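Chemist: See work.txt below, with compact mmCIF, C-alpha atoms (C1' of nucleotides).
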```txt
# COMPACT_ATOMS: atom_id res chain seq x y z
CA MET A 5 -13.95 14.95 25.27
CA ARG A 6 -14.00 11.78 27.32
CA ARG A 7 -11.41 9.05 27.22
CA ALA A 8 -13.42 6.61 25.11
CA GLU A 9 -14.51 9.40 22.79
CA LYS A 10 -10.91 10.32 22.13
CA LYS A 11 -10.07 6.75 21.29
CA ASP A 12 -12.95 6.55 18.84
CA PHE A 13 -12.03 9.90 17.34
CA LEU A 14 -8.47 8.69 16.87
CA LEU A 15 -9.67 5.50 15.22
CA ASP A 16 -12.13 7.23 12.91
CA THR A 17 -9.57 9.81 11.85
CA ALA A 18 -6.95 7.11 11.36
CA ILE A 19 -9.33 5.13 9.16
CA ARG A 20 -9.97 8.20 7.03
CA LEU A 21 -6.27 8.99 6.63
CA PHE A 22 -5.25 5.37 6.02
CA ASN A 23 -7.86 5.05 3.30
CA ARG A 24 -6.88 8.31 1.69
CA HIS A 25 -3.10 8.05 1.77
CA GLY A 26 -2.20 4.49 2.70
CA TYR A 27 -0.78 3.03 5.89
CA HIS A 28 2.95 3.71 5.65
CA ALA A 29 2.32 7.12 4.11
CA THR A 30 0.18 8.19 7.07
CA GLY A 31 2.50 9.19 9.88
CA VAL A 32 1.60 9.25 13.54
CA ASP A 33 2.52 12.93 13.61
CA ARG A 34 -0.03 13.62 10.92
CA LEU A 35 -2.71 11.81 12.85
CA ILE A 36 -2.06 13.73 16.05
CA GLU A 37 -2.01 16.98 14.09
CA GLU A 38 -5.34 16.14 12.44
CA THR A 39 -7.06 15.15 15.68
CA GLY A 40 -5.41 17.67 17.99
CA ILE A 41 -4.84 14.84 20.43
CA ALA A 42 -1.45 14.47 22.06
CA LYS A 43 0.93 11.74 21.02
CA THR A 44 1.20 10.55 24.59
CA THR A 45 -2.55 10.01 24.69
CA LEU A 46 -2.42 8.05 21.47
CA TYR A 47 0.27 5.77 22.82
CA ARG A 48 -1.68 5.20 26.00
CA HIS A 49 -4.56 3.82 23.97
CA PHE A 50 -2.43 1.92 21.45
CA ALA A 51 0.89 0.23 22.09
CA SER A 52 2.23 1.00 18.63
CA LYS A 53 1.23 2.19 15.19
CA GLU A 54 0.77 -1.43 14.17
CA ASP A 55 -1.61 -1.87 17.08
CA LEU A 56 -3.54 1.18 15.95
CA ILE A 57 -3.81 -0.17 12.41
CA VAL A 58 -5.12 -3.51 13.65
CA ALA A 59 -7.70 -1.76 15.81
CA ALA A 60 -8.72 0.47 12.91
CA LEU A 61 -9.17 -2.53 10.63
CA ALA A 62 -11.21 -4.33 13.28
CA ARG A 63 -13.47 -1.28 13.54
CA VAL A 64 -13.93 -1.03 9.79
CA ASP A 65 -14.64 -4.75 9.62
CA GLU A 66 -17.35 -4.46 12.23
CA GLN A 67 -18.94 -1.40 10.62
CA ALA A 68 -18.81 -2.81 7.10
CA ARG A 69 -20.35 -6.15 7.95
CA ASP A 70 -23.01 -4.52 10.13
CA GLU A 71 -24.01 -2.14 7.35
CA MET A 72 -24.14 -4.96 4.85
CA ARG A 73 -26.24 -7.14 7.10
CA ILE A 74 -28.70 -4.37 7.88
CA PHE A 75 -29.01 -3.38 4.23
CA VAL A 76 -29.54 -6.93 3.05
CA GLU A 77 -32.14 -7.75 5.67
CA ALA A 78 -34.06 -4.59 4.85
CA ALA A 79 -33.87 -5.18 1.11
CA SER A 80 -35.85 -8.39 0.84
CA GLU A 81 -36.96 -11.61 2.47
CA ASP A 82 -36.20 -13.66 -0.61
CA PRO A 83 -32.80 -15.38 -0.27
CA SER A 84 -31.77 -14.96 -3.90
CA THR A 85 -32.80 -11.33 -3.94
CA ARG A 86 -30.77 -10.84 -0.79
CA ILE A 87 -27.68 -12.15 -2.54
CA LEU A 88 -28.16 -9.65 -5.33
CA ALA A 89 -28.83 -6.90 -2.80
CA THR A 90 -25.23 -7.19 -1.61
CA PHE A 91 -24.24 -5.62 -4.92
CA ASP A 92 -26.59 -2.71 -4.34
CA GLN A 93 -24.95 -2.09 -0.99
CA LEU A 94 -21.59 -2.34 -2.74
CA ALA A 95 -22.76 0.31 -5.19
CA LEU A 96 -23.42 2.67 -2.28
CA TRP A 97 -19.85 2.24 -1.06
CA LEU A 98 -18.32 2.78 -4.48
CA LYS A 99 -20.29 6.01 -4.86
CA ASP A 100 -18.81 7.40 -1.64
CA PRO A 101 -16.34 10.14 -2.65
CA GLU A 102 -13.97 8.82 0.01
CA PHE A 103 -13.86 5.40 -1.66
CA LYS A 104 -10.27 4.39 -2.43
CA GLY A 105 -10.41 0.65 -2.85
CA CYS A 106 -10.60 -2.04 -0.20
CA PRO A 107 -8.76 -1.06 3.01
CA PHE A 108 -8.12 -4.71 3.80
CA VAL A 109 -6.56 -5.56 0.46
CA ALA A 110 -4.42 -2.44 0.75
CA ALA A 111 -3.36 -3.38 4.27
CA ALA A 112 -2.53 -6.92 3.16
CA ALA A 113 -0.41 -5.49 0.37
CA GLU A 114 1.51 -3.11 2.64
CA TYR A 115 1.99 -5.64 5.44
CA GLY A 116 2.37 -8.74 3.33
CA GLY A 117 3.99 -11.12 5.79
CA ALA A 118 1.48 -13.86 6.58
CA ALA A 119 2.54 -13.71 10.22
CA ASP A 120 2.00 -9.95 10.43
CA PRO A 121 -0.89 -9.00 12.75
CA VAL A 122 -2.13 -6.45 10.23
CA PHE A 123 -2.28 -9.07 7.51
CA GLN A 124 -4.06 -11.48 9.81
CA GLN A 125 -6.68 -8.88 10.66
CA ALA A 126 -7.29 -8.30 6.96
CA ARG A 127 -7.61 -12.04 6.38
CA LEU A 128 -10.02 -12.35 9.29
CA HIS A 129 -12.30 -9.77 7.72
CA LYS A 130 -12.33 -11.57 4.38
CA ARG A 131 -13.04 -14.87 6.07
CA LEU A 132 -16.00 -13.42 7.94
CA TYR A 133 -17.27 -11.72 4.82
CA LEU A 134 -17.00 -14.92 2.83
CA ALA A 135 -18.80 -16.81 5.60
CA TYR A 136 -21.66 -14.32 5.48
CA ILE A 137 -22.03 -14.60 1.71
CA GLU A 138 -21.93 -18.37 1.97
CA GLU A 139 -24.69 -18.17 4.56
CA LEU A 140 -26.83 -16.21 2.09
CA VAL A 141 -26.08 -18.72 -0.65
CA ARG A 142 -27.08 -21.66 1.54
CA ALA A 143 -30.31 -19.90 2.49
CA ALA A 144 -31.11 -19.69 -1.22
CA ARG A 145 -30.61 -23.46 -1.54
CA ILE A 146 -28.08 -23.06 -4.31
CA LYS A 147 -25.89 -26.00 -5.25
CA ASP A 148 -22.17 -25.95 -4.42
CA PRO A 149 -22.61 -23.10 -1.94
CA LYS A 150 -18.93 -22.89 -1.10
CA VAL A 151 -17.89 -22.46 -4.71
CA VAL A 152 -20.68 -20.02 -5.55
CA ALA A 153 -19.88 -17.96 -2.47
CA GLN A 154 -16.26 -17.77 -3.60
CA GLN A 155 -17.36 -16.63 -7.03
CA LEU A 156 -19.63 -13.97 -5.57
CA ILE A 157 -16.81 -12.73 -3.38
CA MET A 158 -14.60 -12.55 -6.43
CA LEU A 159 -17.19 -10.41 -8.17
CA HIS A 160 -17.27 -8.14 -5.12
CA GLU A 161 -13.51 -7.85 -4.87
CA GLY A 162 -13.16 -7.51 -8.61
CA ALA A 163 -15.71 -4.72 -8.75
CA ILE A 164 -13.88 -2.92 -5.94
CA ALA A 165 -10.50 -3.19 -7.64
CA TYR A 166 -11.95 -2.21 -11.00
CA ALA A 167 -13.69 0.80 -9.51
CA GLN A 168 -10.58 1.82 -7.61
CA VAL A 169 -8.39 2.00 -10.69
CA LEU A 170 -10.72 2.53 -13.65
CA GLY A 171 -13.63 4.39 -12.11
CA THR A 172 -16.87 3.47 -10.45
CA ASP A 173 -19.46 4.14 -13.16
CA GLY A 174 -21.92 1.28 -13.37
CA VAL A 175 -19.40 -1.20 -12.02
CA ALA A 176 -21.60 -2.59 -9.25
CA ALA A 177 -24.53 -3.04 -11.65
CA VAL A 178 -22.33 -4.96 -14.09
CA ALA A 179 -21.11 -7.19 -11.28
CA LYS A 180 -24.70 -7.69 -10.17
CA HIS A 181 -25.69 -8.92 -13.63
CA ALA A 182 -22.83 -11.39 -13.56
CA ALA A 183 -24.04 -12.58 -10.16
CA GLU A 184 -27.54 -13.10 -11.54
CA ARG A 185 -26.10 -15.38 -14.19
CA LEU A 186 -24.03 -17.26 -11.63
CA ILE A 187 -26.85 -18.01 -9.23
CA GLY A 188 -29.61 -18.41 -11.82
CA GLU A 189 -30.85 -21.93 -12.70
CA ARG A 190 -28.50 -23.41 -10.17
CA LYS A 191 -30.70 -24.64 -7.42
CA MET B 19 28.01 -4.58 -15.90
CA ARG B 20 27.04 -2.15 -18.64
CA ARG B 21 24.88 0.91 -18.20
CA ALA B 22 21.71 -0.58 -19.67
CA GLU B 23 22.23 -3.78 -17.70
CA LYS B 24 22.48 -1.81 -14.48
CA LYS B 25 19.25 -0.03 -15.25
CA ASP B 26 17.47 -3.32 -15.89
CA PHE B 27 18.98 -4.85 -12.78
CA LEU B 28 17.77 -1.88 -10.76
CA LEU B 29 14.28 -2.18 -12.21
CA ASP B 30 14.03 -5.94 -11.68
CA THR B 31 15.25 -5.69 -8.12
CA ALA B 32 12.91 -2.77 -7.45
CA ILE B 33 9.97 -4.77 -8.79
CA ARG B 34 10.83 -7.65 -6.50
CA LEU B 35 11.17 -5.44 -3.43
CA PHE B 36 8.06 -3.38 -4.20
CA ASN B 37 5.99 -6.53 -4.58
CA ARG B 38 7.37 -8.06 -1.42
CA HIS B 39 7.23 -5.07 0.94
CA GLY B 40 5.21 -2.36 -0.77
CA TYR B 41 6.24 0.93 -2.32
CA HIS B 42 6.60 3.29 0.62
CA ALA B 43 8.13 0.56 2.75
CA THR B 44 10.88 -0.06 0.21
CA GLY B 45 13.49 2.64 0.68
CA VAL B 46 15.97 3.77 -1.93
CA ASP B 47 18.77 2.86 0.48
CA ARG B 48 17.50 -0.69 0.63
CA LEU B 49 17.43 -0.93 -3.14
CA ILE B 50 20.98 0.30 -3.53
CA GLU B 51 22.11 -2.07 -0.79
CA GLU B 52 20.39 -5.01 -2.50
CA THR B 53 21.81 -4.24 -5.94
CA GLY B 54 25.23 -2.98 -4.85
CA ILE B 55 24.76 -0.08 -7.25
CA ALA B 56 25.54 3.43 -6.04
CA LYS B 57 22.81 5.89 -5.29
CA THR B 58 24.30 8.38 -7.71
CA THR B 59 24.00 5.88 -10.50
CA LEU B 60 20.37 5.20 -9.63
CA TYR B 61 19.55 8.88 -9.74
CA ARG B 62 21.27 9.22 -13.08
CA HIS B 63 18.84 6.70 -14.54
CA PHE B 64 15.75 7.90 -12.68
CA ALA B 65 14.90 11.44 -11.69
CA SER B 66 13.19 10.37 -8.47
CA LYS B 67 11.78 7.41 -6.61
CA GLU B 68 8.42 8.15 -8.14
CA ASP B 69 10.02 8.03 -11.56
CA LEU B 70 11.54 4.66 -10.69
CA ILE B 71 8.17 3.31 -9.58
CA VAL B 72 6.50 4.43 -12.79
CA ALA B 73 9.26 2.79 -14.84
CA ALA B 74 8.97 -0.41 -12.80
CA LEU B 75 5.21 -0.52 -13.31
CA ALA B 76 5.64 0.07 -17.04
CA ARG B 77 8.06 -2.84 -17.17
CA VAL B 78 5.74 -5.16 -15.26
CA ASP B 79 2.85 -4.11 -17.48
CA GLU B 80 4.81 -4.96 -20.60
CA GLN B 81 5.99 -8.31 -19.25
CA ALA B 82 2.59 -9.33 -17.89
CA ARG B 83 0.67 -8.56 -21.07
CA ASP B 84 3.32 -10.19 -23.24
CA GLU B 85 3.22 -13.37 -21.18
CA MET B 86 -0.55 -13.45 -21.26
CA ARG B 87 -0.68 -12.92 -25.03
CA ILE B 88 1.90 -15.62 -25.71
CA PHE B 89 0.19 -18.09 -23.39
CA VAL B 90 -3.26 -17.48 -24.85
CA GLU B 91 -2.11 -17.75 -28.46
CA ALA B 92 -0.32 -21.00 -27.70
CA ALA B 93 -3.27 -22.44 -25.79
CA SER B 94 -5.85 -22.61 -28.55
CA GLU B 95 -7.17 -21.19 -31.80
CA ASP B 96 -10.75 -21.21 -30.60
CA PRO B 97 -11.78 -17.76 -29.34
CA SER B 98 -13.89 -18.97 -26.44
CA THR B 99 -11.22 -21.39 -25.30
CA ARG B 100 -8.75 -18.53 -25.45
CA ILE B 101 -10.87 -16.50 -23.07
CA LEU B 102 -10.88 -19.36 -20.60
CA ALA B 103 -7.13 -19.84 -21.09
CA THR B 104 -6.53 -16.44 -19.50
CA PHE B 105 -7.57 -18.04 -16.21
CA ASP B 106 -5.02 -20.81 -16.67
CA GLN B 107 -2.32 -18.21 -17.12
CA LEU B 108 -3.64 -16.45 -14.04
CA ALA B 109 -3.30 -19.73 -12.14
CA LEU B 110 0.40 -19.84 -13.04
CA TRP B 111 0.92 -16.39 -11.58
CA LEU B 112 -0.97 -17.17 -8.37
CA LYS B 113 1.18 -20.26 -7.86
CA ASP B 114 4.37 -18.19 -7.99
CA PRO B 115 5.76 -18.08 -4.42
CA GLU B 116 6.57 -14.39 -4.97
CA PHE B 117 2.92 -13.61 -5.65
CA LYS B 118 1.65 -10.87 -3.34
CA GLY B 119 -1.41 -9.51 -5.06
CA CYS B 120 -1.65 -7.15 -7.98
CA PRO B 121 1.23 -4.62 -8.06
CA PHE B 122 -0.97 -2.12 -9.88
CA VAL B 123 -3.82 -2.23 -7.40
CA ALA B 124 -1.28 -1.89 -4.59
CA ALA B 125 0.36 1.06 -6.33
CA ALA B 126 -3.01 2.70 -6.91
CA ALA B 127 -3.80 2.26 -3.22
CA GLU B 128 -0.50 3.75 -2.02
CA TYR B 129 -0.54 6.63 -4.52
CA GLY B 130 -4.25 7.26 -4.63
CA GLY B 131 -4.37 10.75 -6.11
CA ALA B 132 -5.91 10.48 -9.58
CA ALA B 133 -3.35 13.00 -10.82
CA ASP B 134 -0.42 11.02 -9.44
CA PRO B 135 1.83 9.59 -12.19
CA VAL B 136 2.04 6.28 -10.34
CA PHE B 137 -1.73 5.99 -10.22
CA GLN B 138 -2.01 6.88 -13.89
CA GLN B 139 0.49 4.19 -14.82
CA ALA B 140 -1.55 1.66 -12.86
CA ARG B 141 -4.70 2.79 -14.60
CA LEU B 142 -3.01 2.57 -17.98
CA HIS B 143 -2.15 -1.06 -17.35
CA LYS B 144 -5.72 -1.93 -16.38
CA ARG B 145 -7.05 -0.14 -19.44
CA LEU B 146 -4.73 -2.07 -21.74
CA TYR B 147 -5.54 -5.33 -20.00
CA LEU B 148 -9.26 -4.66 -20.30
CA ALA B 149 -8.83 -3.79 -23.98
CA TYR B 150 -7.08 -7.10 -24.59
CA ILE B 151 -9.81 -9.10 -22.88
CA GLU B 152 -12.46 -7.21 -24.82
CA GLU B 153 -10.59 -8.08 -28.02
CA LEU B 154 -10.79 -11.77 -27.09
CA VAL B 155 -14.49 -11.44 -26.30
CA ARG B 156 -15.20 -9.79 -29.64
CA ALA B 157 -13.29 -12.51 -31.45
CA ALA B 158 -15.61 -15.04 -29.81
CA ARG B 159 -18.63 -13.12 -31.16
CA ILE B 160 -20.16 -12.77 -27.73
CA LYS B 161 -22.97 -10.29 -27.19
CA ASP B 162 -22.35 -7.14 -25.17
CA PRO B 163 -18.58 -7.52 -25.44
CA LYS B 164 -17.83 -4.46 -23.33
CA VAL B 165 -19.93 -5.65 -20.42
CA VAL B 166 -18.69 -9.23 -20.61
CA ALA B 167 -15.09 -8.05 -20.78
CA GLN B 168 -15.68 -6.00 -17.64
CA GLN B 169 -17.13 -9.01 -15.89
CA LEU B 170 -14.20 -11.19 -16.90
CA ILE B 171 -11.78 -8.55 -15.63
CA MET B 172 -13.68 -8.49 -12.37
CA LEU B 173 -13.25 -12.24 -12.07
CA HIS B 174 -9.52 -11.83 -12.70
CA GLU B 175 -9.13 -9.02 -10.18
CA GLY B 176 -11.37 -10.76 -7.71
CA ALA B 177 -9.39 -13.98 -7.94
CA ILE B 178 -6.17 -12.03 -7.40
CA ALA B 179 -7.49 -10.22 -4.33
CA TYR B 180 -9.00 -13.42 -2.93
CA ALA B 181 -5.76 -15.32 -3.44
CA GLN B 182 -3.71 -12.53 -1.92
CA VAL B 183 -5.63 -12.49 1.35
CA LEU B 184 -7.21 -15.92 1.71
CA GLY B 185 -4.83 -18.18 -0.19
CA THR B 186 -4.42 -19.35 -3.74
CA ASP B 187 -5.74 -22.91 -3.62
CA GLY B 188 -8.03 -23.57 -6.54
CA VAL B 189 -8.96 -19.92 -6.85
CA ALA B 190 -8.17 -19.57 -10.54
CA ALA B 191 -10.14 -22.72 -11.37
CA VAL B 192 -13.18 -21.44 -9.50
CA ALA B 193 -12.95 -18.15 -11.36
CA LYS B 194 -12.62 -20.05 -14.62
CA HIS B 195 -15.84 -21.94 -13.94
CA ALA B 196 -17.61 -18.66 -13.30
CA ALA B 197 -16.24 -17.36 -16.60
CA GLU B 198 -17.58 -20.42 -18.40
CA ARG B 199 -21.03 -19.61 -17.10
CA LEU B 200 -20.71 -15.98 -18.08
CA ILE B 201 -19.71 -16.55 -21.68
CA GLY B 202 -21.77 -19.70 -22.28
CA GLU B 203 -24.95 -19.46 -24.38
CA ARG B 204 -24.35 -15.78 -24.91
CA LYS B 205 -23.44 -15.50 -28.52
C1' DT U 16 -7.85 22.70 51.42
C1' DC U 17 -4.75 19.34 50.99
C1' DG U 18 -1.65 15.27 49.11
C1' DG U 19 -1.42 12.14 45.75
C1' DT U 20 -2.27 10.45 41.29
C1' DT U 21 -3.46 10.39 36.68
C1' DC U 22 -3.34 12.87 32.47
C1' DG U 23 -1.66 15.47 28.47
C1' DA U 24 1.36 18.89 25.86
C1' DT U 25 6.11 19.78 24.53
C1' DA U 26 10.50 18.76 23.56
C1' DC U 27 13.32 15.38 22.27
C1' DC U 28 15.40 10.62 20.79
C1' DG U 29 18.06 7.76 17.25
C1' DA U 30 16.94 5.88 12.80
C1' DT U 31 15.67 6.34 8.30
C1' DC U 32 13.47 8.87 4.58
C1' DG U 33 14.41 10.77 -0.47
C1' DG U 34 17.89 13.35 -2.52
C1' DT U 35 22.58 16.00 -3.28
C1' DT U 36 27.47 17.36 -3.08
C1' DC U 37 32.02 16.45 -4.00
C1' DA U 38 36.25 14.36 -4.47
C1' DT U 39 38.27 10.51 -6.68
C1' DA U 40 38.77 6.81 -9.97
C1' DT U 41 38.38 5.43 -14.66
C1' DA U 42 37.94 5.53 -19.56
C1' DC U 43 38.90 7.75 -23.79
C1' DG U 44 40.32 11.34 -27.57
C1' DC U 45 44.37 13.50 -29.19
C1' DG Q 15 51.61 9.95 -22.67
C1' DC Q 16 48.66 13.37 -21.37
C1' DG Q 17 44.45 16.03 -20.48
C1' DT Q 18 39.75 15.92 -20.23
C1' DA Q 19 35.19 14.18 -19.58
C1' DT Q 20 32.40 11.10 -17.23
C1' DA Q 21 30.99 7.51 -13.90
C1' DT Q 22 31.27 6.25 -9.25
C1' DG Q 23 31.15 5.80 -4.19
C1' DA Q 24 30.86 7.85 0.23
C1' DA Q 25 29.75 11.26 3.11
C1' DC Q 26 26.32 14.30 4.03
C1' DC Q 27 21.64 17.13 3.93
C1' DG Q 28 17.21 18.63 6.22
C1' DA Q 29 12.88 16.40 7.02
C1' DT Q 30 10.26 13.00 8.95
C1' DC Q 31 9.75 8.39 10.81
C1' DG Q 32 7.84 5.72 15.20
C1' DG Q 33 8.33 6.18 19.94
C1' DT Q 34 9.68 8.44 24.97
C1' DA Q 35 10.99 11.29 28.86
C1' DT Q 36 9.80 15.21 31.29
C1' DC Q 37 7.11 18.21 33.65
C1' DG Q 38 3.09 21.00 34.64
C1' DA Q 39 -2.03 20.94 35.01
C1' DA Q 40 -6.21 18.97 36.30
C1' DC Q 41 -8.64 16.06 39.21
C1' DC Q 42 -9.52 12.86 43.10
C1' DG Q 43 -11.12 11.45 47.94
C1' DA Q 44 -10.27 12.89 52.58
```
Please express the file's structure as structure tokens.
Modeler:
Amino acid sequence: MRRAEKKDFLLDTAIRLFNRHGYHATGVDRLIEETGIAKTTLYRHFASKEDLIVAALARVDEQARDEMRIFVEAASEDPSTRILATFDQLALWLKDPEFKGCPFVAAAAEYGGAADPVFQQARLHKRLYLAYIEELVRAARIKDPKVVAQQLIMLHEGAIAYAQVLGTDGVAAVAKHAAERLIGERK
Amino acid sequence: MRRAEKKDFLLDTAIRLFNRHGYHATGVDRLIEETGIAKTTLYRHFASKEDLIVAALARVDEQARDEMRIFVEAASEDPSTRILATFDQLALWLKDPEFKGCPFVAAAAEYGGAADPVFQQARLHKRLYLAYIEELVRAARIKDPKVVAQQLIMLHEGAIAYAQVLGTDGVAAVAKHAAERLIGERK
DNA sequence: TCGGTTCGATACCGATCGGTTCATATACGC
DNA sequence: GCGTATATGAACCGATCGGTATCGAACCGA
């Protein structure tokens, strides 16, 4: 395995473990045991566990927003339909057996200091996500795009939290119906 | 300080520390240092840290739902207005400088196993909260009360997550406007 | 083939984790 | 006033935490 491959393998495994057990609960020893990669190698790629977490979040952010963008663009050309398609992509995520709630919200909860790099990375993701949704809303020529984008994000986040604690059955579809009501007759 | 007082003091302090730093990150040693109560005494009241967490969550659940019920009943007699009042109570919570996101969602994230007592306590709270909202929706004679209650819960949870990561300014009001749209013309 | 350099596995570091043991202090029944 | 039961604090437990030092192996151009 090459250098860069090892780094990616570490990150992917870390993401899996962090999602499954949480950030504090996932020890560095566990990660090196799971990957078979030496601790020294890990610390050559990442200065600290915090650094690793930030890198993992950045990777998840990139993947998640890419997948969403690709899905939405493939779903439809109609701007309003594209907005609703975000909830179909959400449904795919919730159905994943590895789904355990939003990694960014969890990270923000475990590293709550506003100055904490982990928290800032989580906030960055949400900002970028919000900006993307707002972009979709503007494309649909909906009034008050900022407010509507916030409301759509809330439906996303709410569906994720609901699914995490109470179960995923039909949650995304229910959120999608709410979104239809929010963006309908509002141009 | 009497026995029962010590137990309450332990629980209240634990709740504060758990909210501020997370569950794994808050050590038992830190809690006993903060309260000045001996570790032996703590373990006489609670069998384990997990037991303490469950008790803390149960206490927060009780307090949160009581406060919401009292606020809503004082706000109005009109069922629809009462539904919207839940977002005003939410606004109060978000404004609290100690606010750090939903303690139950955080607990569910850190103790993700569905069989984990901590997770089950978190789920119990959400179930009771959902049941209360559904009760309000039924009182307002709104169609599809189960679905609408789910959507309102999603707005609550979404507003909480949004506020936790991106800031609290005006979030509850924006969620309230979305709720108005969801329950309007739907009887 | 050699000398030098980078790399990785192991053993180890002090600190802290959740939890327990035990000896002492205190309160209370007789 | 005395003996007993209970509550307490402090010292301690093995395990694990994030992070390092050491030392041998693999690899490099010459």
Chemist: Give me, please, the distance in Å between atom CA of Glu128 of chain B and atom CA of His25 of chain A, quoted to one decimal.
Modeler: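 According to the coordinates, atom CA of Glu128 of chain B and atom CA of His25 of chain A are separated by 6.3 Å.
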Chemist: Taking all atoms listed in the file into account, which residues of chain B are within 12 Å of chain Q, as a ChimeraX atom specification?
Modeler: /B:20-21,42-43,50,54-60,62
Chemist: Residues of chain U near chain A: apply a cut-off of 10 Å, count all atoms listed in the file, and supply the list as a list in words.
Modeler: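 In the required form, that comes to DC22, DG23, DA24 and DT25 of chain U.
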Chemist: In Å to one decimal, how far is atom CA of Ala167 of chain A from atom CA of Ala158 of chain B?
Modeler: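 Here the two named atoms are 25.8 Å from each other.
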Chemist: Define the interface residues of chain A facing chain B as those within 6 Å, counting only C-alpha atoms, and report them as a list in words.
Modeler: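 Going by the stated atoms only, the list reads Gly26, Glu114, Arg127, Met158, Leu159, Glu161, Gly162, Ala163 and Val169 of chain A.
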Chemist: Would you work out the distance separating atom CA of Ala176 of chain A from atom CA of Phe91 of chain A, expressed in Å to one decimal?
Modeler: 5.9 Å
Chemist: Name the residues in contact with Pro163 of chain B at a cut-off of 8 Å, using only C-alpha atoms (C1' of nucleotides), excluding same-chain residues fewer than 5 positions from it; report them as a ChimeraX atom specification.
Modeler: /B:152,155-156
Chemist: If we count all atoms listed in the file, what is near Thr17 of chain A at a cut-off of 10 Å, once residues fewer than 6 positions away on the same chain are taken out, given as a ChimeraX atom specification?
Modeler: /A:11,23,35-36,38-39,60
Chemist: With C-alpha atoms retained, could you export that selection as a PDB file, in the coordinates of the input?
Modeler:
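The resulting again.pdb:
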```pdb
ATOM      1  CA  LYS A  11     -10.070   6.750  21.290  1.00  0.00           C
ATOM      2  CA  ASN A  23      -7.860   5.050   3.300  1.00  0.00           C
ATOM      3  CA  LEU A  35      -2.710  11.810  12.850  1.00  0.00           C
ATOM      4  CA  ILE A  36      -2.060  13.730  16.050  1.00  0.00           C
ATOM      5  CA  GLU A  38      -5.340  16.140  12.440  1.00  0.00           C
ATOM      6  CA  THR A  39      -7.060  15.150  15.680  1.00  0.00           C
ATOM      7  CA  ALA A  60      -8.720   0.470  12.910  1.00  0.00           C
TER       8      ALA A  60
END
```
Chemist: Given 6 Å of margin on each side, can you work out the centre and size in Å (one decimal) of an axis-aligned box holding every listed atom of segment 84-100 of chain B, as JSON?
Modeler:
```
{"center_x": -5.3, "center_y": -16.4, "center_z": -26.5, "size_x": 29.2, "size_y": 24.4, "size_z": 22.6}
```
Chemist: Counting only C-alpha atoms (C1' of nucleotides), which residues come within 6 Å of (-5.8, 6.6, 12.3), with the point read in the file's coordinates, and could you list them as a PyMOL selection string?
Modeler: chain A and resi 14-15+17-19
